[in-house]
Amino acid sequence: MSEQKSVALDLEGIELHYGYVKALDGINFKVNQGEAVALLGDNGAGKSTLLKLMSGVHKQTRGTIRVHGEEVHFHAPKDSANAGIEMVYQDLALVDALDSATNLLLGREILRKGPLGWLGFVDRKKMIAEANAETELLGVKIANLTRPVEMLSGGQRQGVALARAAVRVNGKPNGILLLDEPTAALGYEQKVMVEGLIKRLAAAGIAVVVVTHDLPLAFNATSRMVVLNRGRKVCDVQTTETTYEKIVGYITGALPAQEGI
Amino acid sequence: MKKPDSLSVLVFIRSWGITILLIALWALFASTSPIFGTFENASLILGAASISAIFAASIAMGVFSGALDLSVPGTAAVAGIILGKLIGGGFDPFLSIAIAVAIGALIGYANGLIVQTGLNPLAVTIGMLSVTSGLAAILSDGIPLFDKMDTLGWLGTEIYFGLPSTFYVVIVVFAIGTIFLTKTRGGIRFLAAGGNAEALRRAGVNANTYRLLGFILSGALAALGGVVTCAYTAQATPTAATGVLFDGLTAVALSGISLAGGRGSLPKVLVGALVISTIGSGLLIMNIQPYWTITITGLLLISALAGEHYLGKAVARQAVGKSKVSAHKEAK
């Protein structure tokens with residue numbers, strides 16, 4: 001197997017109980033490096049819950065999670081982050097009063113050269129140039145990098161949050177990116193932008209998991225689709241080997257689960 | 001296009017409303033009284049504004065980092081009494097001031113540590129207000145200290161180049177604070193900790209450090225305010241002057257800063273403090289009962305909060321409309 005195909009995330013026999021309710025029931029889920037996988041399902045099917053296991057928000061009742069072949073135990077989101085998993089939450093986690101460039105570079109601000117830099121002075125010009133270069137490389141359009149993000153539209157804010165997560169995983173050969181409904185607030189052009197971004201990141205070797213209701217996004221941007229229904233995996237297919245109608249059938253339960261799943 | 005135009009008007013009002021208010025007040029008072037517009041009176045206003053401004057900076061630093069520190073008057077009282085004891089005991093004045101300010105920072109540090117265990121910051125700092133007020137009275141047996149306090153005139157009452165000494169303290173504090181907030185990595189993270197600590201955490205930065213720093217700076221500046229008050233009045237009083245809390249809070253609110261944290265501009269806080277002392281001085285010159293100043297300060301606080309609430313919403317509404325427009329333009 002080439003390095004591109006190495007398994008990034010491997011969930012095996014996952015069960016999650018909320019009291020007597022089984023939210024997830026015996027789920028096996030794998031993502032390879034360089035692969036974008038759509039995680040689909042109706043509301044309550046368990047897809048967001050499964051994503052929360054991968055990002056360390058919840059802990060499974062039974063089953064194992066492996067990252068790059070090694071078993072991990074996530075107790076908090078930071079454990080997942082330390083394992084190299086980057087997650088874009090629906091709440092975006094942006095600092096409203098700061099501009100897009102600063103939000104993008106938060107935690108890795110660029111300092112001035114010389115004595116002022118030793119005192120912690122930032123180089124605004126370089127930060128804006130760097131933010132420009134990074135967003136351009138990702139093909140993300142942000143109207144104005146120097147405007148506070150509170151003054152951006154929902155779609156633009158989503159763009160900033162996506163770009164930030166993408167920058168953090170980009171360039172890491174073993175990066176894993178989890179996206180929760182990345183197109184929920186977006187207009188048409190920005191959806192196309194997100195699709196392009198997911199494809200480019202996968203092509204660069206990143207493992208991407210997209211939880212979404214947006215079937216066109218799943219068909220356009222991912223190479224494999226996993227459908228959950230009432231906490232069970234009912235379908236796991238290459239995107240090129242299925243149809244829109246079949247996927248809708250699995251999501252609604254009109255089609256029975258695939259054999260051998 | 002209509003929307004961007006009304007947006008820029010709204011943003012202009014949000015950015016400059018407080019300065020316009022100050023100029024309008026000056027014009028109003030100057031037109032009603034010939035004394036008001038004189039240099040001497042301006043210097044008096046600056047003197048009165050300076051002490052409020054230092055306390056306002058103390059409260060503002062807390063607010064910026066996401067915590068409203070209500071222990072400020074108590075911290076100031078303790079710092080003042082300790083300064084009074086040290087000066088009275090013949091200590092070097094600079095060393096005494098440094099010790100007093102350091103003790104303020106320590107009180108802030110204690111506040112921060114307690115709050116970080118998960119307790120409500122308002123309740124904790126109110127508790128600390130009582131603790132420190134009590135300590136100030138215990139340390140001084142409840143009596144004001146006068147001994148050798150008049151030696152601090154160079155800091156409190158002297159006039160240099162026509163401007164009161166206290167105003168120079170304000171310039172130094174506000175200049176350093178503004179440079180820190182706007183130009184440095186620490187300042188960016190400090191504001192981010194107040195705006196969205198979770199975002200900072202996810203960026204791999206320890207947000208707690210910066211929230212702790214907010215309490216420390218608030219405490220240190222509160223102590224500095226206490227020190228300057230002692231120098232100005234030539235005595236150290238053991239009672240916590242809660243009035244400074246309300247003036248400072250009003251100055252912060254007037255500057256259009258959301259008390260929710262994460263944003264802020266010290267120069268605007270200074271303008272806010274100037275507005276308050278301008279009203280005080282103007283009403284005095286116009287022979288209006290001084291109690292009105294307190295009432296008007298309260299009304300100002302409420303209307304400033306209402307204005308910020310309304311403007312913030314209006315700007316957000318308009319900005320969304322505008323950025324949609326610009327996104328489409330770029331795509332074509």
# chains A, B, ... in the order shown; residues from 1 in each chain; ligands from 1
>>> select_by_dssp(residues="region 3-252 of chain A", states="strand (DSSP E)", output="ChimeraX atom specification")
/A:7-18,21-32,36-41,62-67,70-72,85-88,176-180,207-211,224-229,232-238
>>> select_by_dssp(residues="region 167-289 of chain B", states="helix (DSSP H, G or I)", output="PyMOL selection string")
chain B and resi 167-183+185-195+197-202+207-233+243-254+266-285
>>> closest_atom_pairs(of="chain A", to="chain B", cutoff="10 Å", atoms="only C-alpha atoms", output="CSV")
residue,atom,partner,partner_atom,distance
A:Pro77,CA,B:Arg202,CA,8.9
A:Lys78,CA,B:Arg202,CA,7.8
A:Ala81,CA,B:Arg202,CA,8.3
A:Asn82,CA,B:Gly204,CA,9.6
A:Glu86,CA,B:Arg202,CA,9.3
A:Met87,CA,B:Arg202,CA,9.4
A:Leu92,CA,B:Ala199,CA,8.3
A:Ala93,CA,B:Ala199,CA,4.7
A:Leu94,CA,B:Ala199,CA,5.7
A:Val95,CA,B:Asn196,CA,5.3
A:Asp96,CA,B:Gly195,CA,6.8
A:Ala97,CA,B:Arg263,CA,5.9
A:Leu98,CA,B:Ala192,CA,7.6
A:Thr102,CA,B:Ile188,CA,8.2
A:Asn103,CA,B:Ala199,CA,8.7
A:Leu104,CA,B:Ala203,CA,9.3
A:Leu105,CA,B:Ala203,CA,8.6
A:Leu106,CA,B:Ala203,CA,6.2
A:Gly107,CA,B:Ala203,CA,5.2
A:Arg108,CA,B:Ala203,CA,8.2
A:Glu109,CA,B:Arg185,CA,6.6
A:Ile110,CA,B:Arg185,CA,8.3
A:Leu111,CA,B:Arg185,CA,7.5
A:Arg112,CA,B:Thr184,CA,9.5
A:Leu116,CA,B:Thr184,CA,9.1
A:Gly117,CA,B:Thr184,CA,8.7
A:Leu119,CA,B:Thr184,CA,7.7
A:Gly120,CA,B:Thr184,CA,5.1
A:Phe121,CA,B:Thr184,CA,4.0
A:Val122,CA,B:Thr184,CA,5.2
A:Asp123,CA,B:Lys183,CA,8.3
A:Arg124,CA,B:Lys183,CA,8.3
A:Lys141,CA,B:Ala327,CA,8.2
A:Ile142,CA,B:Ala327,CA,7.8
A:Ala143,CA,B:Ala327,CA,5.9
A:Asn144,CA,B:Ser323,CA,8.9
A:Glu150,CA,B:Ala316,CA,7.0
A:Met151,CA,B:Ala319,CA,5.1
A:Leu152,CA,B:Ser323,CA,5.8
A:Ser153,CA,B:Val320,CA,4.5
A:Gly154,CA,B:Val320,CA,7.7
A:Gly155,CA,B:Lys324,CA,8.5
A:Gln156,CA,B:Ser323,CA,8.0
A:Arg164,CA,B:Ala203,CA,9.4
A:Ala165,CA,B:Ala203,CA,9.6
A:Arg168,CA,B:Ala203,CA,9.3
A:Gly187,CA,B:Lys324,CA,9.3
A:Glu189,CA,B:Ala331,CA,7.7
A:Gln190,CA,B:Ala327,CA,9.1
>>> residues_around(residues="Ala166 (chain A)", least_positions_apart="4", cutoff="8 Å", atoms="only C-alpha atoms", output="ChimeraX atom specification")
/A:138,162,170,177,201
>>> closest_residue(among="A:Met193, A:Ala131, A:Leu228, A:Ala207", to="Val169 (chain A)", atoms="only C-alpha atoms")
A:Ala207
>>> residues_around(residues="Ala30 (chain B)", least_positions_apart="6", cutoff="12 Å", atoms="only C-alpha atoms", output="list in words")
Ile23, Ala24, Phe36, Gly37, Thr38, Phe39, Asn41, Ala42, Thr278, Ile279, Ser281, Gly282, Leu283, Ile285 and Met286 of chain B
>>> residues_around(residues="Val115 (chain B)", least_positions_apart="2", cutoff="12 Å", atoms="only C-alpha atoms", output="list in words")
Gly66, Ala67, Leu68, Asp69, Gly108, Tyr109, Ala110, Asn111, Gly112, Leu113, Thr117, Gly118, Leu119, Asn120, Pro121, Leu122, Ala123, Val124, Thr125, Ile126, Gly127, Met128, Asn208, Arg211, Leu212, Gly214 and Phe215 of chain B
>>> closest_residue(among="B:Thr295, B:Ser65, B:Ser33, B:Thr151", to="Asp92 (chain B)", atoms="only C-alpha atoms")
B:Thr151
>>> residues_around(residues="Ala45 (chain A)", least_positions_apart="6", cutoff="9 Å", atoms="only C-alpha atoms", output="count of residues only")
9
>>> residues_around(residues="Ala76 (chain B)", least_positions_apart="2", cutoff="7 Å", atoms="only C-alpha atoms", output="ChimeraX atom specification")
/B:72-74,78-80,222-223,225-226
>>> closest_residue(among="B:Ser15, B:Ser58, B:Ile20, B:Glu40", to="Gly219 (chain B)", atoms="only C-alpha atoms")
B:Ser58
>>> atom_distance(atom1="CA of Asp42 (chain A)", atom2="CA of Gly84 (chain A)")
28.6 Å
>>> closest_residue(among="A:Glu35, A:Asp236, A:Glu71, A:Asp91", to="Asp180 (chain A)", atoms="only C-alpha atoms")
A:Asp91
